[in-house]
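**Q** Next up, query29.cif (mmCIF, C-alpha atoms and all ligand atoms).
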```cif
data_my_file
loop_
_atom_site.label_atom_id
_atom_site.label_comp_id
_atom_site.auth_asym_id
_atom_site.auth_seq_id
_atom_site.Cartn_x
_atom_site.Cartn_y
_atom_site.Cartn_z
CA MET A 1 64.64 -68.38 -51.14
CA ALA A 2 63.18 -68.56 -47.64
CA GLU A 3 59.43 -68.01 -47.80
CA ILE A 4 57.92 -65.20 -45.74
CA LYS A 5 54.61 -66.10 -44.11
CA ARG A 6 54.71 -64.64 -40.65
CA VAL A 7 55.70 -61.00 -40.17
CA GLY A 8 56.58 -59.32 -36.88
CA VAL A 9 55.99 -55.58 -36.62
CA ILE A 10 57.58 -53.81 -33.66
CA GLY A 11 55.96 -50.48 -32.80
CA GLY A 12 52.33 -49.72 -33.64
CA GLY A 13 52.46 -45.92 -33.93
CA LEU A 14 51.88 -43.83 -37.03
CA MET A 15 53.94 -46.15 -39.25
CA GLY A 16 53.78 -49.50 -37.47
CA HIS A 17 49.99 -49.77 -37.49
CA GLY A 18 49.99 -49.05 -41.23
CA ILE A 19 52.73 -51.59 -41.98
CA ALA A 20 50.84 -54.20 -39.94
CA GLN A 21 47.60 -53.45 -41.80
CA VAL A 22 49.25 -53.52 -45.24
CA SER A 23 51.00 -56.80 -44.41
CA ALA A 24 47.81 -58.47 -43.16
CA THR A 25 45.94 -57.19 -46.22
CA ALA A 26 48.56 -58.88 -48.43
CA GLY A 27 47.81 -62.18 -46.65
CA TYR A 28 50.65 -62.38 -44.13
CA ASP A 29 50.13 -63.44 -40.54
CA VAL A 30 51.21 -60.47 -38.44
CA VAL A 31 52.44 -60.31 -34.84
CA LEU A 32 52.49 -56.73 -33.62
CA ARG A 33 54.56 -55.82 -30.56
CA GLU A 34 53.87 -52.63 -28.61
CA VAL A 35 55.09 -51.52 -25.20
CA ASP A 36 51.83 -52.04 -23.28
CA GLN A 37 48.12 -52.78 -23.62
CA GLY A 38 47.22 -49.09 -23.90
CA ALA A 39 49.48 -48.68 -26.95
CA ILE A 40 48.15 -51.93 -28.45
CA ASP A 41 44.53 -50.76 -28.05
CA LYS A 42 45.34 -47.42 -29.66
CA CYS A 43 47.04 -49.13 -32.58
CA MET A 44 44.29 -51.70 -33.17
CA GLY A 45 41.65 -48.95 -32.83
CA LYS A 46 43.25 -47.12 -35.76
CA ILE A 47 43.37 -50.27 -37.91
CA GLN A 48 39.75 -51.15 -37.09
CA LYS A 49 38.61 -47.63 -37.95
CA GLN A 50 40.37 -47.69 -41.31
CA LEU A 51 39.03 -51.12 -42.22
CA ALA A 52 35.49 -50.04 -41.25
CA ARG A 53 35.82 -46.93 -43.43
CA ALA A 54 36.94 -49.08 -46.40
CA VAL A 55 33.86 -51.28 -45.94
CA GLU A 56 31.59 -48.21 -45.69
CA LYS A 57 33.03 -46.82 -48.91
CA GLY A 58 32.55 -50.16 -50.68
CA LYS A 59 36.32 -50.59 -51.17
CA SER A 60 36.34 -53.77 -49.10
CA THR A 61 33.84 -56.33 -47.85
CA GLN A 62 33.08 -57.04 -44.19
CA GLU A 63 34.43 -60.60 -44.70
CA ASP A 64 37.74 -59.26 -46.03
CA ALA A 65 38.03 -56.72 -43.21
CA ASP A 66 37.33 -59.44 -40.63
CA ALA A 67 39.90 -61.74 -42.24
CA ILE A 68 42.55 -58.99 -42.20
CA LEU A 69 41.92 -58.29 -38.52
CA ALA A 70 42.01 -62.00 -37.71
CA ARG A 71 45.49 -62.24 -39.24
CA ILE A 72 46.88 -59.67 -36.75
CA THR A 73 47.82 -60.79 -33.26
CA THR A 74 49.17 -58.34 -30.71
CA THR A 75 51.55 -58.69 -27.81
CA SER A 76 53.82 -56.80 -25.46
CA ASP A 77 56.01 -59.90 -25.17
CA TYR A 78 59.01 -60.17 -27.51
CA GLY A 79 58.82 -63.99 -27.14
CA GLU A 80 55.81 -64.16 -29.47
CA LEU A 81 57.97 -62.98 -32.37
CA ALA A 82 60.12 -66.15 -32.22
CA ASP A 83 58.62 -67.85 -35.29
CA CYS A 84 58.48 -64.80 -37.55
CA ASP A 85 60.14 -65.05 -40.99
CA LEU A 86 60.59 -61.27 -41.19
CA VAL A 87 60.61 -58.70 -38.38
CA ILE A 88 60.13 -55.02 -39.29
CA GLU A 89 60.81 -52.39 -36.66
CA ALA A 90 58.91 -49.09 -36.60
CA ILE A 91 59.74 -47.78 -33.12
CA SER A 92 60.82 -44.23 -32.33
CA GLU A 93 63.66 -42.76 -34.39
CA SER A 94 66.42 -43.28 -31.82
CA LEU A 95 69.46 -45.48 -32.49
CA PRO A 96 70.01 -46.43 -28.82
CA ALA A 97 66.32 -47.42 -28.49
CA LYS A 98 66.46 -49.45 -31.68
CA LEU A 99 69.68 -51.23 -30.62
CA GLU A 100 68.25 -52.08 -27.22
CA MET A 101 65.17 -53.53 -28.92
CA TRP A 102 67.19 -55.59 -31.46
CA LYS A 103 69.27 -57.07 -28.63
CA GLU A 104 66.08 -58.61 -27.20
CA VAL A 105 64.63 -59.61 -30.57
CA ASP A 106 67.86 -61.07 -32.00
CA ALA A 107 68.15 -63.44 -29.04
CA ILE A 108 64.58 -64.73 -29.48
CA VAL A 109 63.74 -64.82 -33.19
CA LYS A 110 64.83 -67.84 -35.28
CA PRO A 111 68.24 -67.31 -36.90
CA GLU A 112 67.00 -67.66 -40.49
CA ALA A 113 64.52 -64.77 -40.14
CA PHE A 114 65.15 -61.47 -41.89
CA PHE A 115 65.23 -58.19 -39.96
CA ALA A 116 64.23 -54.83 -41.44
CA SER A 117 64.18 -51.26 -40.17
CA ASN A 118 61.67 -48.63 -41.25
CA THR A 119 64.02 -45.85 -40.12
CA SER A 120 63.64 -42.55 -41.95
CA SER A 121 67.21 -41.45 -41.58
CA LEU A 122 69.59 -43.77 -39.72
CA ALA A 123 72.08 -45.75 -41.78
CA ILE A 124 70.95 -49.39 -41.83
CA ILE A 125 74.44 -50.74 -41.16
CA ASP A 126 74.45 -49.09 -37.71
CA GLN A 127 71.64 -51.43 -36.67
CA ALA A 128 72.59 -54.46 -38.82
CA ALA A 129 76.13 -54.67 -37.47
CA GLN A 130 74.88 -54.87 -33.88
CA THR A 131 72.86 -58.04 -34.55
CA SER A 132 74.07 -61.61 -35.08
CA ARG A 133 72.72 -61.54 -38.66
CA PRO A 134 73.99 -58.45 -40.51
CA GLU A 135 73.66 -60.33 -43.82
CA ARG A 136 69.92 -60.86 -43.21
CA PHE A 137 69.27 -57.22 -42.25
CA LEU A 138 67.93 -54.56 -44.65
CA GLY A 139 65.90 -51.36 -44.74
CA LEU A 140 62.21 -51.32 -45.70
CA HIS A 141 61.19 -47.68 -45.64
CA TYR A 142 57.44 -47.11 -45.93
CA PHE A 143 55.77 -43.72 -46.27
CA ASN A 144 52.98 -42.18 -44.27
CA PRO A 145 50.21 -43.33 -44.47
CA ALA A 146 51.61 -46.77 -45.31
CA GLN A 147 48.15 -47.97 -46.35
CA VAL A 148 48.02 -45.36 -49.11
CA MET A 149 51.53 -44.39 -50.19
CA LYS A 150 52.86 -46.48 -53.03
CA LEU A 151 56.60 -46.32 -52.34
CA VAL A 152 58.82 -48.57 -50.27
CA GLU A 153 62.54 -47.75 -50.37
CA VAL A 154 64.42 -51.05 -50.10
CA ILE A 155 67.81 -50.33 -48.60
CA ARG A 156 70.82 -52.54 -48.96
CA ALA A 157 73.44 -52.20 -46.24
CA VAL A 158 77.00 -53.21 -47.14
CA THR A 159 76.39 -56.47 -45.29
CA THR A 160 72.96 -57.30 -46.79
CA SER A 161 73.01 -60.56 -48.78
CA ASP A 162 71.46 -60.90 -52.24
CA GLU A 163 68.92 -63.27 -50.70
CA ALA A 164 67.79 -60.75 -48.05
CA PHE A 165 67.68 -57.87 -50.53
CA GLU A 166 65.63 -59.88 -53.05
CA ALA A 167 63.32 -61.03 -50.25
CA GLY A 168 62.76 -57.37 -49.30
CA LEU A 169 61.97 -56.34 -52.88
CA GLU A 170 59.60 -59.26 -53.30
CA PHE A 171 57.92 -58.59 -49.96
CA ALA A 172 57.20 -54.94 -50.87
CA ARG A 173 55.91 -55.94 -54.32
CA SER A 174 53.63 -58.57 -52.75
CA GLN A 175 51.94 -55.63 -50.98
CA LYS A 176 51.44 -53.92 -54.36
CA LYS A 177 54.06 -51.31 -53.51
CA LEU A 178 56.59 -49.72 -55.80
CA ALA A 179 59.90 -51.03 -54.44
CA ILE A 180 62.80 -48.70 -55.19
CA PRO A 181 66.29 -49.84 -54.21
CA THR A 182 68.43 -47.20 -52.52
CA LYS A 183 71.94 -47.11 -51.13
CA ASP A 184 72.46 -47.04 -47.39
CA LYS A 185 73.05 -43.28 -47.12
CA ALA A 186 71.33 -41.44 -44.28
CA GLY A 187 67.94 -40.14 -45.47
CA PHE A 188 67.96 -42.45 -48.51
CA ILE A 189 66.30 -40.82 -51.54
CA VAL A 190 63.09 -39.21 -50.34
CA ASN A 191 64.09 -37.72 -46.98
CA ARG A 192 67.42 -36.54 -48.35
CA LEU A 193 65.36 -34.27 -50.62
CA LEU A 194 62.17 -33.74 -48.62
CA VAL A 195 63.52 -32.87 -45.16
CA PRO A 196 65.62 -29.86 -46.29
CA TYR A 197 62.54 -28.66 -48.20
CA MET A 198 60.37 -28.75 -45.05
CA LEU A 199 63.15 -27.09 -43.03
CA ASP A 200 63.44 -24.35 -45.64
CA ALA A 201 59.70 -23.75 -45.31
CA ILE A 202 60.18 -23.26 -41.54
CA ARG A 203 63.09 -20.86 -42.20
CA ALA A 204 60.96 -18.97 -44.73
CA TYR A 205 58.31 -18.62 -42.01
CA GLU A 206 60.95 -17.40 -39.52
CA GLU A 207 62.15 -14.81 -42.02
CA GLY A 208 58.60 -13.56 -42.53
CA VAL A 209 58.39 -14.53 -46.20
CA GLY A 210 54.83 -15.68 -45.54
CA SER A 211 52.52 -16.84 -42.79
CA VAL A 212 52.04 -20.57 -42.07
CA ASP A 213 48.97 -20.89 -44.27
CA GLU A 214 50.34 -18.58 -46.97
CA ILE A 215 53.45 -20.77 -47.33
CA ASP A 216 51.33 -23.92 -47.47
CA ASP A 217 48.75 -22.46 -49.87
CA ALA A 218 51.52 -21.10 -52.13
CA MET A 219 53.21 -24.49 -52.48
CA LYS A 220 49.88 -26.23 -53.12
CA ALA A 221 48.74 -23.77 -55.77
CA GLY A 222 52.16 -22.93 -57.21
CA ALA A 223 53.94 -26.27 -57.21
CA GLY A 224 50.95 -28.59 -57.41
CA HIS A 225 51.78 -30.30 -54.11
CA PRO A 226 48.80 -32.06 -52.47
CA MET A 227 49.84 -30.69 -49.06
CA GLY A 228 51.91 -27.65 -48.03
CA PRO A 229 55.31 -28.23 -46.35
CA LEU A 230 54.20 -27.12 -42.85
CA THR A 231 51.07 -29.28 -42.96
CA LEU A 232 53.32 -32.11 -44.11
CA ALA A 233 55.73 -31.53 -41.20
CA ASP A 234 52.79 -31.74 -38.76
CA PHE A 235 51.66 -34.90 -40.51
CA VAL A 236 55.09 -36.58 -40.31
CA GLY A 237 55.32 -35.62 -36.60
CA LEU A 238 57.63 -32.82 -35.51
CA ASP A 239 59.38 -35.11 -32.99
CA THR A 240 60.19 -37.59 -35.74
CA MET A 241 61.26 -34.75 -38.00
CA GLY A 242 63.53 -33.32 -35.29
CA SER A 243 65.19 -36.70 -34.85
CA ILE A 244 65.64 -37.07 -38.62
CA CYS A 245 67.25 -33.59 -38.81
CA ASP A 246 69.68 -34.48 -36.02
CA VAL A 247 70.73 -37.69 -37.75
CA LEU A 248 71.18 -35.97 -41.13
CA PHE A 249 73.04 -33.04 -39.56
CA ASP A 250 75.37 -35.38 -37.66
CA GLU A 251 76.05 -37.34 -40.81
CA PHE A 252 76.59 -34.52 -43.31
CA ARG A 253 77.38 -31.48 -41.11
CA GLU A 254 75.42 -29.26 -43.47
CA ARG A 255 73.37 -26.30 -42.26
CA ARG A 256 70.45 -27.26 -44.48
CA PHE A 257 69.79 -30.25 -42.18
CA ALA A 258 69.96 -28.26 -38.90
CA GLN A 259 66.84 -27.78 -36.76
CA PRO A 260 65.57 -24.19 -37.12
CA PRO A 261 65.00 -22.49 -33.72
CA THR A 262 61.21 -22.50 -34.24
CA LEU A 263 61.18 -26.28 -34.57
CA ARG A 264 63.43 -26.71 -31.54
CA LYS A 265 61.12 -24.52 -29.41
CA MET A 266 58.01 -26.32 -30.59
CA LEU A 267 59.58 -29.64 -29.57
CA SER A 268 60.36 -28.26 -26.10
CA ALA A 269 56.72 -27.22 -25.83
CA GLY A 270 55.57 -30.75 -26.71
CA TRP A 271 53.94 -29.60 -29.94
CA TYR A 272 54.58 -32.61 -32.16
CA GLY A 273 52.00 -31.87 -34.87
CA ARG A 274 48.79 -33.77 -35.53
CA LYS A 275 49.62 -36.55 -33.07
CA THR A 276 49.52 -34.12 -30.11
CA GLY A 277 46.84 -31.82 -31.53
CA LYS A 278 49.22 -28.88 -31.97
CA GLY A 279 52.07 -28.10 -34.35
CA PHE A 280 52.19 -25.45 -37.04
CA TYR A 281 48.41 -25.80 -36.88
CA ASP A 282 46.02 -26.25 -34.00
CA TYR A 283 43.86 -29.33 -34.58
CA SER A 284 41.47 -28.90 -31.66
CA GLY A 285 38.63 -27.35 -33.68
CA GLU A 286 36.62 -28.64 -36.60
CA SER A 287 39.32 -27.79 -39.11
CA PRO A 288 42.98 -26.94 -38.49
CA VAL A 289 43.92 -23.26 -37.93
CA PRO A 290 47.47 -21.84 -37.76
CA ASN A 291 48.79 -22.20 -34.21
CA PRO A 292 48.85 -18.67 -32.74
CA GLY A 293 51.55 -19.74 -30.25
CA ILE A 294 54.41 -20.01 -32.75
N1 LIG B 301 56.26 -40.40 -39.31
C1 LIG B 301 56.59 -40.64 -40.56
O1 LIG B 301 56.09 -39.98 -41.51
C2 LIG B 301 57.56 -41.74 -40.90
C3 LIG B 301 57.66 -42.18 -42.22
C4 LIG B 301 58.53 -43.24 -42.52
C5 LIG B 301 59.31 -43.82 -41.52
N2 LIG B 301 59.20 -43.36 -40.24
C6 LIG B 301 60.03 -44.02 -39.22
O2 LIG B 301 59.23 -45.02 -38.60
C7 LIG B 301 59.63 -45.17 -37.23
C8 LIG B 301 58.41 -44.92 -36.35
O3 LIG B 301 57.92 -43.62 -36.57
P1 LIG B 301 56.41 -43.22 -36.22
O4 LIG B 301 56.15 -41.94 -36.92
O5 LIG B 301 55.50 -44.39 -36.43
O6 LIG B 301 56.57 -42.95 -34.64
P2 LIG B 301 55.43 -42.96 -33.51
O7 LIG B 301 55.96 -42.12 -32.42
O8 LIG B 301 54.10 -42.64 -34.09
O9 LIG B 301 55.38 -44.51 -33.05
C9 LIG B 301 56.42 -45.18 -32.41
C10 LIG B 301 55.78 -46.30 -31.60
O10 LIG B 301 56.80 -47.21 -31.19
C11 LIG B 301 56.43 -47.69 -29.91
N3 LIG B 301 57.62 -48.26 -29.29
C12 LIG B 301 58.71 -47.61 -28.77
N4 LIG B 301 59.62 -48.53 -28.33
C13 LIG B 301 59.09 -49.77 -28.60
C14 LIG B 301 59.53 -51.10 -28.41
N5 LIG B 301 60.72 -51.36 -27.87
N6 LIG B 301 58.73 -52.11 -28.79
C15 LIG B 301 57.52 -51.87 -29.36
N7 LIG B 301 57.05 -50.62 -29.56
C16 LIG B 301 57.83 -49.60 -29.20
C17 LIG B 301 55.83 -46.48 -29.19
O11 LIG B 301 55.00 -46.90 -28.12
C18 LIG B 301 55.07 -45.80 -30.35
O12 LIG B 301 53.71 -46.25 -30.40
C19 LIG B 301 60.78 -44.18 -37.00
O13 LIG B 301 61.99 -44.84 -37.21
C20 LIG B 301 60.53 -43.14 -38.10
O14 LIG B 301 61.71 -42.47 -38.48
C21 LIG B 301 58.33 -42.35 -39.90
#
```
Let me see whether you can do it: turn the structure in this file into structure tokens.
**A**
Amino acid sequence: MAEIKRVGVIGGGLMGHGIAQVSATAGYDVVLREVDQGAIDKCMGKIQKQLARAVEKGKSTQEDADAILARITTTSDYGELADCDLVIEAISESLPAKLEMWKEVDAIVKPEAFFASNTSSLAIIDQAAQTSRPERFLGLHYFNPAQVMKLVEVIRAVTTSDEAFEAGLEFARSQKKLAIPTKDKAGFIVNRLLVPYMLDAIRAYEEGVGSVDEIDDAMKAGAGHPMGPLTLADFVGLDTMGSICDVLFDEFRERRFAQPPTLRKMLSAGWYGRKTGKGFYDYSGESPVPNPGI
């Protein structure tokens, strides 16, 4: 089986920076591509902060943190991905954007490299089939924060070869993740179940069943969840969640996947959750408070 040594990560947002960090921690050389220097600085700032915190807490040594950072190179040039053995994309959840990106990457990266998408909801085949290597294309779906969450769903498209699928499983395990194979059905296992749950929480709020914090507190105390569903939605990013809903709704045509009006209005207002400082909660103070605007 082709050995993976050099990993390209495209997109350094919420997920991409975590995937880059986890990959470098597992000993891979990482090339991270973002759109411009500002986005690269933001991404590397987050990785540096997390590594510094691990050293402070005694979970890592300064030498290890330095070595991890040294294994990550950054670029806004697709050309630097040419020698990668595996390229994982974690750009925004938009099929046209992902296809445009793969067109560039497919033309540059060596033909024997594997490609993987971290999409939360899009069927993998819709990306794989548009590249010159559908048999070397698979899904590697990490969870947020990728540094902490144990699961990686490894998704086999109808075109994915045994070699590529095994390489994906092995890659996730080399990062000490639990690799769970899933079929290429929109939403895979976790989001198929989790997204309707978060949407139901928004509908419960709309119907006045409880306030934002009452719904969250109830699910924490009553179902033993570490985080309430509305806090979780803010954490995922409401823009990402909106895109996931649209994909799932298009695919299954079921009301349970439709965006509730409250979510749609929040997206129009630019309230994307923690990443913009406002979502179901307002994050501008010392601790989050329910957003009075919704
Ligand atoms: N947010 C989550 O909880 C979560 C969990 C698992 C998977 N995902 C999936 O991961 C992907 C990324 O989500 P996110 O939450 O990290 O989004 P995000 O908005 O935090 O980050 C996306 C990043 O991609 C960058 N980008 C856009 N086009 C690019 C390109 N052509 N080249 C390089 N960089 C580019 C943007 O500048 C941005 O920094 C999506 O497909 C999403 O569905 C998200």
**Q** May I have the residues within 6 Å of ligand LIG 301 (chain B), computed using only C-alpha atoms and all ligand atoms, as a list of chain:residue names?
**A**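 Result of the 6 Å neighbour search around ligand LIG 301 (chain B): A:Ile10, A:Gly11, A:Gly12, A:Gly13, A:Leu14, A:Met15, A:Gly16, A:Arg33, A:Glu34, A:Val35, A:Ala39, A:Ala90, A:Ile91, A:Ser92, A:Glu93, A:Met101, A:Asn118, A:Thr119, A:Ser120, A:His141, A:Tyr142, A:Phe143, A:Asn144, A:Val236, A:Gly237, A:Thr240.
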**Q** Excluding same-chain residues fewer than 4 positions from Leu199 of chain A, what lies within 8 Å of it counting only C-alpha atoms, as an MDAnalysis selection string?
**A** chainID A and resid 195 203 256:257 259:260
**Q** If we count only C-alpha atoms, what is near Ala218 of chain A at a cut-off of 12 Å, once residues fewer than 5 positions away on the same chain are taken out, given as a PyMOL selection string?
**A** chain A and resi 201+209-213+223-230
**Q** Write the residues you've just listed into a file as a short mmCIF file (atom, residue, chain, number, x, y, z; two decimals), in the frame of the given file, and include C-alpha atoms for each of them.
**A**
```cif
data_model
loop_
_atom_site.label_atom_id
_atom_site.label_comp_id
_atom_site.auth_asym_id
_atom_site.auth_seq_id
_atom_site.Cartn_x
_atom_site.Cartn_y
_atom_site.Cartn_z
CA ALA A 201 59.70 -23.75 -45.31
CA VAL A 209 58.39 -14.53 -46.20
CA GLY A 210 54.83 -15.68 -45.54
CA SER A 211 52.52 -16.84 -42.79
CA VAL A 212 52.04 -20.57 -42.07
CA ASP A 213 48.97 -20.89 -44.27
CA ALA A 223 53.94 -26.27 -57.21
CA GLY A 224 50.95 -28.59 -57.41
CA HIS A 225 51.78 -30.30 -54.11
CA PRO A 226 48.80 -32.06 -52.47
CA MET A 227 49.84 -30.69 -49.06
CA GLY A 228 51.91 -27.65 -48.03
CA PRO A 229 55.31 -28.23 -46.35
CA LEU A 230 54.20 -27.12 -42.85
#
```
**Q** Would you please work out which residue, of A:Met198, A:Ala129, A:Ala269, A:Ala186, is nearest to Glu251 of chain A when using only C-alpha atoms?
**A** A:Ala186
**Q** In the coordinates of the file, take the point (72.8, -37.4, -44.2) and a cut-off of 12 Å; then, counting all atoms listed in the file, name each qualifying protein, DNA or RNA residue as a PyMOL selection string.
**A** chain A and resi 120-123+183-193+195-196+244-258
**Q** Can you measure atom CA of Val31 of chain A to atom CA of Thr75 of chain A for me? One decimal in Å is fine.
**A** 7.3 Å
**Q** Would you please work out which residue, of A:Ala67, A:Val7, A:Ala97, A:Ala107, is nearest to Gly79 of chain A when using all atoms listed in the file?
**A**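 Looking at the shortest contact to Gly79 of chain A, the residue is A:Ala107.
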**Q** In Å, with one decimal, what is the gap from atom CA of Lys5 of chain A to atom CA of Phe171 of chain A?
**A**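 If I compute the distance from atom CA of Lys5 of chain A to atom CA of Phe171 of chain A, I get 10.1 Å.
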**Q** Quick one, how far is atom CA of Glu3 of chain A from atom CA of Lys176 of chain A?
**A** 17.5 Å
**Q** Using all atoms listed in the file, find the one residue out of A:Ala157, A:Ala233, A:Leu138, A:Leu178 that sits nearest to Tyr197 of chain A.
**A**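 Closest to Tyr197 of chain A of all the choices is A:Ala233.
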**Q** Counting all atoms listed in the file, figure out which residue out of A:Leu95, A:Leu151, A:Cys84, A:Ala179 gets nearest to Glu112 of chain A.
**A**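 Smallest distance to Glu112 of chain A is found for A:Cys84.
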**Q** Between A:Glu206, A:Glu89, A:Asp66, A:Glu170, single out the one closest to Ile124 of chain A, counting all atoms listed in the file.
**A**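 Among the listed residues, A:Glu89 lies closest to Ile124 of chain A.
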**Q** Out of A:Asp234, A:Glu80, A:Glu153, A:Asp239, which residue has the shortest atom-to-atom distance to Gly277 of chain A when counting only C-alpha atoms?
**A** A:Asp234
**Q** Would you kindly return, as number ranges by chain, each protein, DNA or RNA residue with an atom no farther than 12 Å from any atom of Pro292 of chain A, considering all atoms listed in the file and excluding same-chain residues fewer than 2 positions away?
**A** A: 211-213, 278-283, 288-290, 294
**Q** As number ranges by chain, please: the residues near Ala113 of chain A (cut-off 8 Å, all atoms listed in the file, same-chain neighbours under 6 positions excluded).
**A** A: 84-87, 136
**Q** Would you save segment 200-223 of chain A from the block above with N, CA and C atoms, as an mmCIF file, in the first residue's frame?
**A**
```
data_model
loop_
_atom_site.group_PDB
_atom_site.id
_atom_site.type_symbol
_atom_site.label_atom_id
_atom_site.label_comp_id
_atom_site.auth_asym_id
_atom_site.auth_seq_id
_atom_site.Cartn_x
_atom_site.Cartn_y
_atom_site.Cartn_z
ATOM 1 N N ASP A 200 -34.723 20.270 15.782
ATOM 2 C CA ASP A 200 -35.894 20.119 16.652
ATOM 3 C C ASP A 200 -35.783 21.026 17.872
ATOM 4 N N ALA A 201 -34.562 21.213 18.361
ATOM 5 C CA ALA A 201 -34.368 22.108 19.505
ATOM 6 C C ALA A 201 -34.746 23.542 19.105
ATOM 7 N N ILE A 202 -34.381 23.936 17.863
ATOM 8 C CA ILE A 202 -34.731 25.284 17.391
ATOM 9 C C ILE A 202 -36.263 25.392 17.256
ATOM 10 N N ARG A 203 -36.888 24.351 16.738
ATOM 11 C CA ARG A 203 -38.358 24.367 16.594
ATOM 12 C C ARG A 203 -39.024 24.412 17.969
ATOM 13 N N ALA A 204 -38.459 23.696 18.938
ATOM 14 C CA ALA A 204 -39.018 23.713 20.298
ATOM 15 C C ALA A 204 -38.937 25.138 20.861
ATOM 16 N N TYR A 205 -37.815 25.812 20.568
ATOM 17 C CA TYR A 205 -37.664 27.209 20.995
ATOM 18 C C TYR A 205 -38.722 28.086 20.309
ATOM 19 N N GLU A 206 -38.912 27.881 19.007
ATOM 20 C CA GLU A 206 -39.898 28.684 18.253
ATOM 21 C C GLU A 206 -41.312 28.483 18.816
ATOM 22 N N GLU A 207 -41.581 27.258 19.243
ATOM 23 C CA GLU A 207 -42.924 26.953 19.762
ATOM 24 C C GLU A 207 -43.092 27.374 21.215
ATOM 25 N N GLY A 208 -42.022 27.890 21.816
ATOM 26 C CA GLY A 208 -42.115 28.372 23.193
ATOM 27 C C GLY A 208 -42.083 27.266 24.241
ATOM 28 N N VAL A 209 -41.588 26.107 23.854
ATOM 29 C CA VAL A 209 -41.489 25.008 24.836
ATOM 30 C C VAL A 209 -40.548 25.410 25.971
ATOM 31 N N GLY A 210 -39.501 26.121 25.643
ATOM 32 C CA GLY A 210 -38.558 26.606 26.656
ATOM 33 C C GLY A 210 -37.726 27.720 26.067
ATOM 34 N N SER A 211 -37.032 28.444 26.945
ATOM 35 C CA SER A 211 -36.119 29.483 26.443
ATOM 36 C C SER A 211 -34.829 28.802 25.974
ATOM 37 N N VAL A 212 -33.929 29.584 25.364
ATOM 38 C CA VAL A 212 -32.673 29.024 24.847
ATOM 39 C C VAL A 212 -31.925 28.282 25.950
ATOM 40 N N ASP A 213 -31.730 28.953 27.096
ATOM 41 C CA ASP A 213 -30.938 28.282 28.136
ATOM 42 C C ASP A 213 -31.721 27.173 28.840
ATOM 43 N N GLU A 214 -33.052 27.313 28.898
ATOM 44 C CA GLU A 214 -33.834 26.211 29.502
ATOM 45 C C GLU A 214 -33.727 24.936 28.652
ATOM 46 N N ILE A 215 -33.796 25.101 27.343
ATOM 47 C CA ILE A 215 -33.688 23.917 26.457
ATOM 48 C C ILE A 215 -32.305 23.274 26.624
ATOM 49 N N ASP A 216 -31.273 24.117 26.623
ATOM 50 C CA ASP A 216 -29.913 23.573 26.771
ATOM 51 C C ASP A 216 -29.716 22.917 28.138
ATOM 52 N N ASP A 217 -30.153 23.618 29.194
ATOM 53 C CA ASP A 217 -29.956 23.067 30.549
ATOM 54 C C ASP A 217 -30.729 21.761 30.714
ATOM 55 N N ALA A 218 -31.938 21.709 30.114
ATOM 56 C CA ALA A 218 -32.765 20.497 30.246
ATOM 57 C C ALA A 218 -32.062 19.302 29.600
ATOM 58 N N MET A 219 -31.497 19.507 28.420
ATOM 59 C CA MET A 219 -30.851 18.371 27.739
ATOM 60 C C MET A 219 -29.548 17.963 28.437
ATOM 61 N N LYS A 220 -28.892 18.927 29.069
ATOM 62 C CA LYS A 220 -27.666 18.571 29.809
ATOM 63 C C LYS A 220 -28.029 17.742 31.045
ATOM 64 N N ALA A 221 -29.005 18.276 31.801
ATOM 65 C CA ALA A 221 -29.338 17.619 33.073
ATOM 66 C C ALA A 221 -30.220 16.385 32.870
ATOM 67 N N GLY A 222 -31.029 16.394 31.817
ATOM 68 C CA GLY A 222 -31.994 15.299 31.640
ATOM 69 C C GLY A 222 -31.504 14.174 30.751
ATOM 70 N N ALA A 223 -30.605 14.496 29.825
ATOM 71 C CA ALA A 223 -30.140 13.451 28.907
ATOM 72 C C ALA A 223 -28.646 13.182 29.068
#
```
